[in-house]
file final_22.cif (mmCIF, C-alpha atoms)
data_upload
#
loop_
_atom_site.label_atom_id
_atom_site.label_comp_id
_atom_site.auth_asym_id
_atom_site.auth_seq_id
_atom_site.Cartn_x
_atom_site.Cartn_y
_atom_site.Cartn_z
CA MET A 1 13.14 -16.27 14.68
CA PRO A 2 12.13 -19.70 16.00
CA GLU A 3 9.01 -21.36 14.69
CA VAL A 4 6.55 -21.56 17.54
CA THR A 5 3.80 -23.35 15.64
CA SER A 6 3.59 -27.02 16.45
CA GLY A 7 1.57 -29.65 14.68
CA ASP A 8 1.61 -32.88 12.74
CA GLY A 9 4.25 -34.33 10.51
CA ASP A 10 4.40 -31.47 8.05
CA GLY A 11 5.00 -28.95 10.78
CA GLY A 12 1.67 -27.16 10.29
CA PRO A 13 -0.96 -26.37 12.88
CA THR A 14 -3.62 -28.97 13.59
CA GLU A 15 -7.02 -28.89 15.24
CA GLY A 16 -7.28 -29.66 18.91
CA GLU A 17 -4.09 -27.86 19.84
CA ASP A 18 -5.58 -24.47 20.35
CA GLY A 19 -5.18 -24.55 24.09
CA PRO A 20 -7.71 -23.01 26.45
CA ASP A 21 -10.89 -21.73 24.80
CA ASP A 22 -10.48 -18.28 26.28
CA GLY A 23 -7.07 -17.72 24.77
CA VAL A 24 -5.92 -16.42 21.42
CA ARG A 25 -3.49 -18.60 19.54
CA VAL A 26 -0.51 -16.96 17.86
CA ASP A 27 1.34 -18.79 15.10
CA MET A 28 4.77 -17.35 14.44
CA ILE A 29 5.95 -18.71 11.13
CA SER A 30 9.61 -18.55 10.28
CA GLY A 31 11.00 -17.54 6.94
CA ALA A 32 12.46 -21.02 6.61
CA ARG A 33 9.00 -22.56 7.03
CA MET A 34 7.59 -20.40 4.25
CA GLU A 35 10.55 -20.70 1.94
CA GLY A 36 9.62 -23.99 0.34
CA LEU A 37 5.95 -23.18 -0.12
CA THR A 38 4.23 -21.98 -3.27
CA SER A 39 2.29 -18.73 -3.18
CA MET A 40 -1.05 -20.50 -2.81
CA GLU A 41 0.31 -22.77 -0.08
CA LYS A 42 1.44 -19.71 1.84
CA ILE A 43 -1.95 -18.06 1.40
CA ARG A 44 -3.76 -21.21 2.49
CA LEU A 45 -1.53 -21.56 5.53
CA ILE A 46 -2.31 -17.98 6.53
CA LEU A 47 -6.03 -18.01 5.81
CA ASP A 48 -6.66 -21.40 7.38
CA GLY A 49 -5.07 -20.14 10.57
CA VAL A 50 -6.84 -16.78 10.52
CA ARG A 51 -10.21 -18.34 9.82
CA GLU A 52 -9.77 -20.43 12.96
CA GLY A 53 -9.33 -17.22 14.90
CA ASN A 54 -5.55 -17.36 15.16
CA ILE A 55 -3.08 -14.53 14.81
CA VAL A 56 -0.44 -15.35 12.22
CA ILE A 57 2.94 -13.63 12.38
CA LEU A 58 5.24 -14.06 9.40
CA GLU A 59 8.90 -13.52 10.01
CA GLU A 60 9.59 -12.46 6.44
CA GLY A 61 6.22 -11.45 5.02
CA LEU A 62 4.89 -11.93 1.52
CA THR A 63 5.90 -10.59 -1.87
CA PRO A 64 3.67 -7.89 -3.40
CA ASP A 65 2.26 -10.47 -5.81
CA GLU A 66 1.43 -12.78 -2.92
CA GLU A 67 -0.16 -9.90 -1.03
CA SER A 68 -2.32 -9.20 -4.06
CA LYS A 69 -3.41 -12.82 -4.21
CA LEU A 70 -4.00 -12.88 -0.45
CA ILE A 71 -6.45 -9.98 -0.80
CA GLU A 72 -8.14 -11.68 -3.75
CA VAL A 73 -8.52 -15.05 -2.02
CA THR A 74 -9.62 -13.39 1.22
CA MET A 75 -12.41 -11.63 -0.65
CA THR A 76 -13.67 -14.90 -2.09
CA GLU A 77 -13.89 -16.39 1.41
CA ILE A 78 -15.74 -13.60 3.17
CA SER A 79 -19.08 -14.81 4.40
CA PRO A 80 -21.64 -12.76 6.35
CA ASP A 81 -21.69 -13.57 10.10
CA GLU A 82 -18.79 -15.99 9.65
CA PHE A 83 -15.70 -14.32 8.25
CA ASN A 84 -15.34 -10.58 7.60
CA GLY A 85 -11.85 -10.65 6.20
CA ILE A 86 -8.41 -9.98 7.58
CA GLU A 87 -6.45 -7.28 9.27
CA ILE A 88 -2.84 -7.20 8.09
CA GLU A 89 0.02 -5.02 9.22
CA THR A 90 3.63 -4.75 8.22
CA TYR A 91 6.26 -2.20 9.03
CA PRO A 92 5.97 0.73 6.62
CA LYS A 93 8.69 0.73 3.99
CA SER A 94 11.62 2.84 5.01
CA SER A 95 12.32 5.72 2.65
CA SER A 96 15.86 4.42 2.38
CA GLY A 97 14.69 0.88 1.84
CA ASN A 98 14.40 0.90 -1.93
CA PRO A 99 16.13 -2.19 -3.24
CA GLY A 100 18.83 -1.91 -5.79
CA LEU A 101 18.81 -3.76 -9.07
CA PHE A 102 20.99 -6.53 -7.63
CA ASP A 103 18.59 -7.15 -4.75
CA ARG A 104 15.64 -7.25 -7.16
CA LEU A 105 17.40 -9.75 -9.36
CA MET A 106 18.20 -11.84 -6.32
CA GLY A 107 14.57 -11.81 -5.25
CA LYS A 108 15.20 -9.73 -2.14
CA GLU A 109 12.66 -7.12 -3.08
CA ASP A 110 11.04 -5.78 0.04
CA THR A 111 9.77 -9.11 1.23
CA GLN A 112 11.65 -9.43 4.48
CA LYS A 113 9.24 -7.57 6.67
CA LEU A 114 7.56 -8.86 9.79
CA THR A 115 3.85 -9.21 9.03
CA VAL A 116 0.95 -9.65 11.42
CA ILE A 117 -2.31 -11.06 10.09
CA GLY A 118 -5.49 -11.77 12.00
CA PRO A 119 -9.25 -11.95 11.70
CA ALA A 120 -10.65 -8.48 11.01
CA ASN A 121 -13.11 -8.77 13.87
CA GLN A 122 -10.47 -9.70 16.43
CA ILE A 123 -7.45 -7.56 15.75
CA GLU A 124 -7.14 -3.79 15.88
CA THR A 125 -4.03 -1.81 15.16
CA LEU A 126 -3.31 0.73 17.87
CA HIS A 127 -0.07 2.13 16.51
CA LYS A 128 2.30 1.49 13.68
CA ASP A 129 5.58 3.02 12.66
CA GLU A 130 8.81 1.80 11.12
CA ASN A 131 9.89 0.14 14.34
CA LEU A 132 6.73 -0.84 16.16
CA ILE A 133 3.41 -2.49 15.43
CA SER A 134 1.06 -2.34 18.41
CA THR A 135 -2.17 -4.31 18.12
CA LEU A 136 -5.09 -5.11 20.34
CA VAL A 137 -6.25 -8.69 19.99
CA SER A 138 -9.62 -9.76 21.30
CA ARG A 139 -11.20 -13.16 21.65
CA LYS A 140 -13.87 -14.33 19.19
CA MET B 1 -14.62 26.22 -19.22
CA GLY B 2 -11.60 27.04 -17.10
CA LEU B 3 -12.08 24.46 -14.39
CA LEU B 4 -13.03 21.62 -16.70
CA THR B 5 -10.09 22.45 -18.83
CA SER B 6 -7.87 22.26 -15.77
CA LEU B 7 -8.81 18.65 -15.10
CA LYS B 8 -8.49 17.76 -18.77
CA ASP B 9 -5.15 19.43 -18.95
CA SER B 10 -3.91 17.66 -15.82
CA ILE B 11 -4.98 14.23 -17.05
CA THR B 12 -3.66 14.94 -20.52
CA ARG B 13 -0.30 15.87 -19.16
CA VAL B 14 -0.38 12.82 -16.88
CA THR B 15 -1.01 10.38 -19.70
CA ASP B 16 1.46 12.25 -21.85
CA GLY B 17 4.05 11.93 -19.13
CA LEU B 18 3.30 8.31 -18.36
CA PHE B 19 3.25 6.84 -21.82
CA ALA B 20 5.58 7.36 -24.67
CA SER B 21 4.11 5.21 -27.43
CA ALA B 22 0.90 5.72 -29.42
CA GLU B 23 -0.63 2.35 -28.45
CA PRO B 24 -4.01 2.38 -26.69
CA LYS B 25 -3.48 2.27 -22.93
CA ARG B 26 -5.63 1.08 -20.08
CA ILE B 27 -5.49 3.24 -16.98
CA GLY B 28 -6.89 1.80 -13.77
CA ILE B 29 -8.27 4.14 -11.14
CA TYR B 30 -7.49 2.57 -7.80
CA GLY B 31 -7.69 3.52 -4.15
CA PRO B 32 -9.52 2.76 -0.92
CA PRO B 33 -13.33 2.94 -0.70
CA ASN B 34 -14.88 6.43 -0.77
CA ALA B 35 -11.77 8.20 -2.01
CA GLY B 36 -13.59 9.66 -5.03
CA LYS B 37 -12.51 7.23 -7.75
CA THR B 38 -15.83 7.11 -9.59
CA THR B 39 -16.26 10.88 -9.38
CA LEU B 40 -12.87 11.26 -11.02
CA ALA B 41 -13.56 8.56 -13.62
CA ASN B 42 -16.86 10.22 -14.47
CA ARG B 43 -15.23 13.62 -14.86
CA ILE B 44 -12.60 12.21 -17.20
CA ALA B 45 -15.15 10.23 -19.22
CA ARG B 46 -17.70 13.05 -19.40
CA ASP B 47 -15.14 15.62 -20.41
CA TRP B 48 -13.84 13.55 -23.29
CA THR B 49 -16.74 11.33 -24.35
CA GLY B 50 -19.83 12.88 -22.81
CA ASP B 51 -20.76 9.67 -20.93
CA ALA B 52 -20.35 8.76 -17.29
CA VAL B 53 -18.67 5.60 -16.05
CA GLY B 54 -20.87 4.80 -13.08
CA PRO B 55 -22.99 6.10 -10.20
CA GLU B 56 -21.37 8.03 -7.35
CA SER B 57 -22.32 7.69 -3.70
CA HIS B 58 -21.12 8.51 -0.20
CA ILE B 59 -21.84 4.90 0.81
CA PRO B 60 -18.68 2.78 0.67
CA HIS B 61 -18.43 0.14 -2.07
CA GLU B 62 -20.90 1.85 -4.39
CA THR B 63 -18.71 0.60 -7.23
CA ARG B 64 -18.72 -3.18 -7.05
CA ARG B 65 -17.61 -4.04 -10.55
CA ALA B 66 -14.65 -2.75 -12.53
CA ARG B 67 -16.11 -0.49 -15.21
CA ARG B 68 -14.23 0.28 -18.38
CA LYS B 69 -14.77 3.32 -20.55
CA GLU B 70 -13.15 2.63 -23.89
CA GLY B 71 -11.73 4.93 -26.48
CA VAL B 72 -11.04 8.09 -24.56
CA THR B 73 -8.94 10.03 -27.03
CA ILE B 74 -6.67 12.64 -25.58
CA GLU B 75 -4.97 15.22 -27.73
CA ARG B 76 -1.92 17.15 -26.71
CA ASP B 77 0.59 19.09 -28.70
CA GLY B 78 -0.91 17.83 -31.94
CA LYS B 79 -0.57 14.18 -30.89
CA GLU B 80 -3.42 11.87 -29.98
CA VAL B 81 -3.38 8.99 -27.52
CA THR B 82 -6.37 6.73 -26.95
CA ILE B 83 -6.88 5.30 -23.49
CA ASP B 84 -9.39 3.15 -21.67
CA ILE B 85 -10.39 4.32 -18.21
CA VAL B 86 -11.07 1.52 -15.74
CA ASP B 87 -12.91 2.54 -12.58
CA THR B 88 -12.34 -0.12 -9.93
CA PRO B 89 -14.04 -0.95 -6.62
CA GLY B 90 -12.32 0.39 -3.52
CA VAL B 91 -9.78 -2.10 -2.27
CA ALA B 92 -10.05 -3.41 1.28
CA THR B 93 -8.96 -6.50 3.21
CA LYS B 94 -12.27 -6.76 5.01
CA VAL B 95 -15.93 -6.20 4.16
CA ASP B 96 -18.53 -6.30 6.93
CA TYR B 97 -22.15 -6.09 5.85
CA GLU B 98 -23.04 -4.51 9.19
CA GLU B 99 -21.29 -1.32 8.08
CA PHE B 100 -23.95 -0.91 5.41
CA LEU B 101 -26.71 -1.16 8.01
CA ASP B 102 -25.54 2.25 9.25
CA HIS B 103 -26.64 3.66 5.89
CA ASP B 104 -30.32 2.78 6.39
CA MET B 105 -30.03 -0.46 4.47
CA GLU B 106 -32.02 -3.61 5.20
CA LYS B 107 -29.96 -6.64 6.20
CA GLU B 108 -30.75 -8.51 2.99
CA ASP B 109 -29.57 -5.58 0.88
CA ALA B 110 -26.51 -5.08 3.06
CA VAL B 111 -25.50 -8.74 2.75
CA ARG B 112 -25.99 -8.64 -1.01
CA ARG B 113 -23.98 -5.45 -1.25
CA SER B 114 -21.14 -6.92 0.82
CA ARG B 115 -21.07 -10.05 -1.37
CA GLU B 116 -20.88 -7.93 -4.50
CA ALA B 117 -18.22 -5.74 -2.89
CA THR B 118 -15.99 -8.72 -2.12
CA GLU B 119 -16.31 -9.95 -5.68
CA GLY B 120 -15.50 -6.47 -6.91
CA VAL B 121 -12.35 -6.17 -4.80
CA ALA B 122 -11.15 -9.58 -6.02
CA GLU B 123 -11.83 -8.46 -9.56
CA ALA B 124 -9.92 -5.21 -9.02
CA MET B 125 -6.87 -7.12 -7.78
CA HIS B 126 -6.99 -9.35 -10.82
CA TRP B 127 -7.16 -6.34 -13.14
CA LEU B 128 -4.17 -4.85 -11.40
CA ARG B 129 -2.04 -7.94 -11.96
CA GLU B 130 -3.14 -8.61 -15.51
CA ASP B 131 -4.94 -5.87 -17.36
CA VAL B 132 -3.89 -2.29 -16.62
CA ASP B 133 -0.95 -0.36 -18.04
CA GLY B 134 -0.91 2.53 -15.62
CA VAL B 135 -2.59 3.57 -12.39
CA ILE B 136 -4.13 6.72 -11.02
CA TYR B 137 -4.23 6.14 -7.28
CA VAL B 138 -6.89 8.27 -5.59
CA LEU B 139 -6.65 9.12 -1.91
CA ASP B 140 -8.97 11.12 0.32
CA SER B 141 -6.62 13.80 1.65
CA THR B 142 -8.60 14.08 4.87
CA GLU B 143 -7.73 10.48 5.75
CA ASP B 144 -4.47 9.00 7.02
CA PRO B 145 -2.63 7.65 3.95
CA PHE B 146 -0.39 5.38 6.04
CA THR B 147 -2.81 2.47 5.90
CA GLN B 148 -1.81 -1.07 5.19
CA VAL B 149 -4.05 -1.25 2.13
CA ASN B 150 -2.42 1.83 0.62
CA THR B 151 1.06 0.58 1.43
CA MET B 152 0.34 -2.84 -0.04
CA LEU B 153 -1.35 -1.52 -3.17
CA ILE B 154 1.40 0.96 -3.97
CA GLY B 155 3.89 -1.88 -3.39
CA ILE B 156 1.94 -4.15 -5.72
CA ILE B 157 1.75 -1.42 -8.38
CA GLU B 158 5.49 -0.80 -8.08
CA SER B 159 6.28 -4.49 -8.29
CA GLN B 160 4.26 -4.64 -11.51
CA GLU B 161 6.41 -1.76 -12.77
CA LEU B 162 3.30 0.24 -13.61
CA PRO B 163 3.53 4.01 -13.86
CA VAL B 164 1.46 5.58 -11.10
CA LEU B 165 0.15 9.02 -10.29
CA ILE B 166 -1.30 9.80 -6.88
CA LEU B 167 -4.28 12.14 -6.66
CA ALA B 168 -4.87 13.79 -3.30
CA ASN B 169 -8.62 14.28 -3.46
CA LYS B 170 -11.04 16.45 -1.47
CA ILE B 171 -8.50 19.17 -0.75
CA ASP B 172 -11.34 21.66 -0.32
CA LYS B 173 -12.13 20.07 3.05
CA GLU B 174 -10.72 21.66 6.17
CA GLU B 175 -9.07 18.47 7.44
CA SER B 176 -7.26 17.94 4.16
CA ASP B 177 -3.51 17.36 4.40
CA ILE B 178 -1.83 17.07 1.02
CA GLN B 179 1.68 17.04 2.44
CA ARG B 180 0.88 13.96 4.50
CA ILE B 181 0.15 12.08 1.27
CA ALA B 182 3.24 13.44 -0.44
CA ASN B 183 5.30 12.33 2.56
CA ALA B 184 3.72 8.88 2.55
CA PHE B 185 4.67 8.20 -1.06
CA PRO B 186 7.56 10.52 -1.87
CA GLN B 187 8.67 8.31 -4.74
CA HIS B 188 5.56 9.29 -6.75
CA GLU B 189 4.11 12.55 -7.91
CA THR B 190 1.11 13.74 -5.90
CA ILE B 191 -1.51 15.95 -7.55
CA PRO B 192 -4.08 17.77 -5.39
CA CYS B 193 -7.71 17.65 -6.59
CA ARG B 194 -10.86 19.26 -5.36
CA ARG B 195 -14.44 19.16 -6.53
CA SER B 196 -17.23 21.69 -6.38
CA LYS B 197 -19.97 21.36 -3.78
CA ASP B 198 -22.47 20.36 -6.46
CA ARG B 199 -19.92 17.87 -7.87
CA THR B 200 -20.20 19.36 -11.34
CA TRP B 201 -16.49 19.90 -11.70
CA THR B 202 -13.20 18.65 -10.39
CA LYS B 203 -9.99 20.59 -10.51
CA CYS B 204 -6.55 19.08 -10.27
CA THR B 205 -3.42 21.13 -10.07
CA ARG B 206 -0.17 19.65 -11.18
CA LYS B 207 2.74 20.78 -9.05
CA SER B 208 5.60 19.35 -10.99
CA ARG B 209 6.18 17.17 -13.96
CA SER B 210 6.72 13.49 -13.31
CA THR B 211 10.01 12.09 -14.46
CA SER B 212 8.41 8.62 -14.83
CA PRO B 213 11.34 6.28 -14.90
CA ASN B 214 8.89 3.45 -15.41
CA ASN B 215 7.94 4.39 -18.96
CA ALA B 216 10.38 2.11 -20.69
CA ARG B 217 9.82 -0.74 -18.28
CA SER B 218 6.05 -0.40 -18.72
CA ASN B 219 6.30 -0.71 -22.46
CA GLN B 220 8.65 -3.70 -22.13
CA ARG B 221 6.19 -5.30 -19.76
CA ARG B 222 3.31 -4.81 -22.19
CA ARG B 223 5.28 -6.39 -24.99
CA ARG B 224 6.19 -9.35 -22.78
CA ARG B 225 2.55 -9.79 -21.80
CA ARG B 226 1.35 -9.73 -25.37
CA THR B 227 3.99 -12.25 -26.37
CA HIS B 228 2.93 -14.44 -23.49
CA ARG B 229 -0.76 -14.17 -24.46
CA GLY B 230 -0.10 -14.56 -28.14
#

call {"tool": "encode", "arguments": {"input": "final_22.cif", "output": "structure tokens"}}
result
Amino acid sequence: MPEVTSGDGDGGPTEGEDGPDDGVRVDMISGARMEGLTSMEKIRLILDGVREGNIVILEEGLTPDEESKLIEVTMTEISPDEFNGIEIETYPKSSSGNPGLFDRLMGKEDTQKLTVIGPANQIETLHKDENLISTLVSRK
Amino acid sequence: MGLLTSLKDSITRVTDGLFASAEPKRIGIYGPPNAGKTTLANRIARDWTGDAVGPESHIPHETRRARRKEGVTIERDGKEVTIDIVDTPGVATKVDYEEFLDHDMEKEDAVRRSREATEGVAEAMHWLREDVDGVIYVLDSTEDPFTQVNTMLIGIIESQELPVLILANKIDKEESDIQRIANAFPQHETIPCRRSKDRTWTKCTRKSRSTSPNNARSNQRRRRRRTHRG
């Protein structure tokens, strides 16, 4: 999946590139872009984007430990009338998708799942199954 | 006696099935808001120690701090195991104070409650990563279990190699669908629970015995953690 996000030298999104005010920006972040980041860098990248009102789509998702930390950090940033938290959706785990021991040892444990994250007050999931995530995104 | 004994017996068999060694264990009660976690924690604590863990309410996020009840000693087949019960705030990815306004709350109280709720959820996540040895995951059986929070939390619990038991709560309600929960998490045992209208008892019925392949891994994990701390 190509990385759509554009920005400054480090490849990250920057202010002033959000396009028209009436639009909703979508950052599609490739697995390669996330690969070299630490857990907290990934979480910051996601939350910084979401807090600006962007929809962040991760090609390969987060590990369970990173998801746990994402919830924890999100909670610390919630502020009344400013930020209510996040909406996050991934494809449900397939019943046949349990990783074997080899995959776990190789770090392939259930992390390669497309993940959509957005501000809780702007994104609503309409439908989700193993093959489709349908969301309604509204402006701020 | 019969109904109280049923819950005791279910939990006793659960802990017996989850843990092999005689070390004290810490069992976290997790789940989304309003699933009945505190009601369950109170029933367990009252039945064994006579004390409650915390107040129950129909308003979401009534529990905003993890509460630990220590030294719950369970006896089964002549053996005793001592556990700590940890009742945790309902986990969510969003908390909007305006939801509390629908429960006849003033804005100031609603904002304070939402702040405390966010701190509580963060605390619950930290407990899950660091300080619990097993999880009872409580779900309202009238609600769709295929939520992202449930999926993520079960995934987090599994990645921590913690033994988990899923309780399908509120099965006395007409809209209850136990099978939907069992289908959502077929890799774990699901136990249906219902409570009386006056909330004075809760009954859980165990359908089948868990084969808990995580027992050994859980004990290894505990030893690793202690070594790391030590």

call {"tool": "interface_residues", "arguments": {"input": "final_22.cif", "of": "chain B", "to": "chain A", "cutoff": "7 Å", "atoms": "all atoms listed in the file", "output": "number ranges by chain"}}
result
B: 93-97, 111, 118-119, 121-122, 125, 148, 152, 155-156, 159

call {"tool": "atom_distance", "arguments": {"input": "final_22.cif", "atom1": "atom CA of B:Pro33", "atom2": "atom CA of B:Glu70"}}
result
23.2 Å

call {"tool": "atom_distance", "arguments": {"input": "final_22.cif", "atom1": "atom CA of B:Gln160", "atom2": "atom CA of B:Glu130"}}
result
9.3 Å

call {"tool": "residues_around", "arguments": {"input": "final_22.cif", "residues": "A:Val24", "least_positions_apart": "6", "cutoff": "8 Å", "atoms": "all atoms listed in the file", "output": "JSON, numbers by chain"}}
result
{"A": [53, 54, 55, 137, 138, 139]}

call {"tool": "atom_distance", "arguments": {"input": "final_22.cif", "atom1": "atom CA of B:Gly134", "atom2": "atom CA of A:Met40"}}
result
26.4 Å

call {"tool": "closest_residue", "arguments": {"input": "final_22.cif", "among": "A:Gly61, A:Glu130, A:Gln122, A:Arg51", "to": "A:Glu35", "atoms": "only C-alpha atoms"}}
result
A:Gly61

call {"tool": "resolve_selection", "arguments": {"input": "final_22.cif", "expression": "the PyMOL selection byres ((chain B and resi 60) around 7)", "output": "ChimeraX atom specification"}}
result
/B:33-34,58-59,61-62

call {"tool": "residues_around", "arguments": {"input": "final_22.cif", "residues": "A:Thr125", "least_positions_apart": "2", "cutoff": "8 Å", "atoms": "only C-alpha atoms", "output": "list in words"}}
result
Glu89, Ile123, His127, Lys128, Ile133, Ser134, Thr135 and Leu136 of chain A

call {"tool": "write_last_selection", "arguments": {"input": "final_22.cif", "atoms": "C-alpha atoms", "output": "compact mmCIF listing (two decimals), in the frame of the given file"}}
result
# COMPACT_ATOMS: atom_id res chain seq x y z
CA GLU A 89 0.02 -5.02 9.22
CA ILE A 123 -7.45 -7.56 15.75
CA HIS A 127 -0.07 2.13 16.51
CA LYS A 128 2.30 1.49 13.68
CA ILE A 133 3.41 -2.49 15.43
CA SER A 134 1.06 -2.34 18.41
CA THR A 135 -2.17 -4.31 18.12
CA LEU A 136 -5.09 -5.11 20.34

call {"tool": "residues_near_point", "arguments": {"input": "final_22.cif", "point": "(1.9, 11.5, -2.2)", "cutoff": "12 Å", "atoms": "all atoms listed in the file", "output": "VMD selection string"}}
result
chain B and resid 136 to 141 144 to 146 150 to 151 154 164 to 169 177 to 192 207

call {"tool": "resolve_selection", "arguments": {"input": "final_22.cif", "expression": "the PyMOL selection byres ((chain A and resi 30) around 6)", "output": "short mmCIF file (atom, residue, chain, number, x, y, z; two decimals) with C-alpha atoms, in the frame of the given file"}}
result
data_model
loop_
_atom_site.label_atom_id
_atom_site.label_comp_id
_atom_site.auth_asym_id
_atom_site.auth_seq_id
_atom_site.Cartn_x
_atom_site.Cartn_y
_atom_site.Cartn_z
CA GLU A 3 9.01 -21.36 14.69
CA ILE A 29 5.95 -18.71 11.13
CA GLY A 31 11.00 -17.54 6.94
CA ALA A 32 12.46 -21.02 6.61
CA ARG A 33 9.00 -22.56 7.03
CA GLU A 59 8.90 -13.52 10.01
#
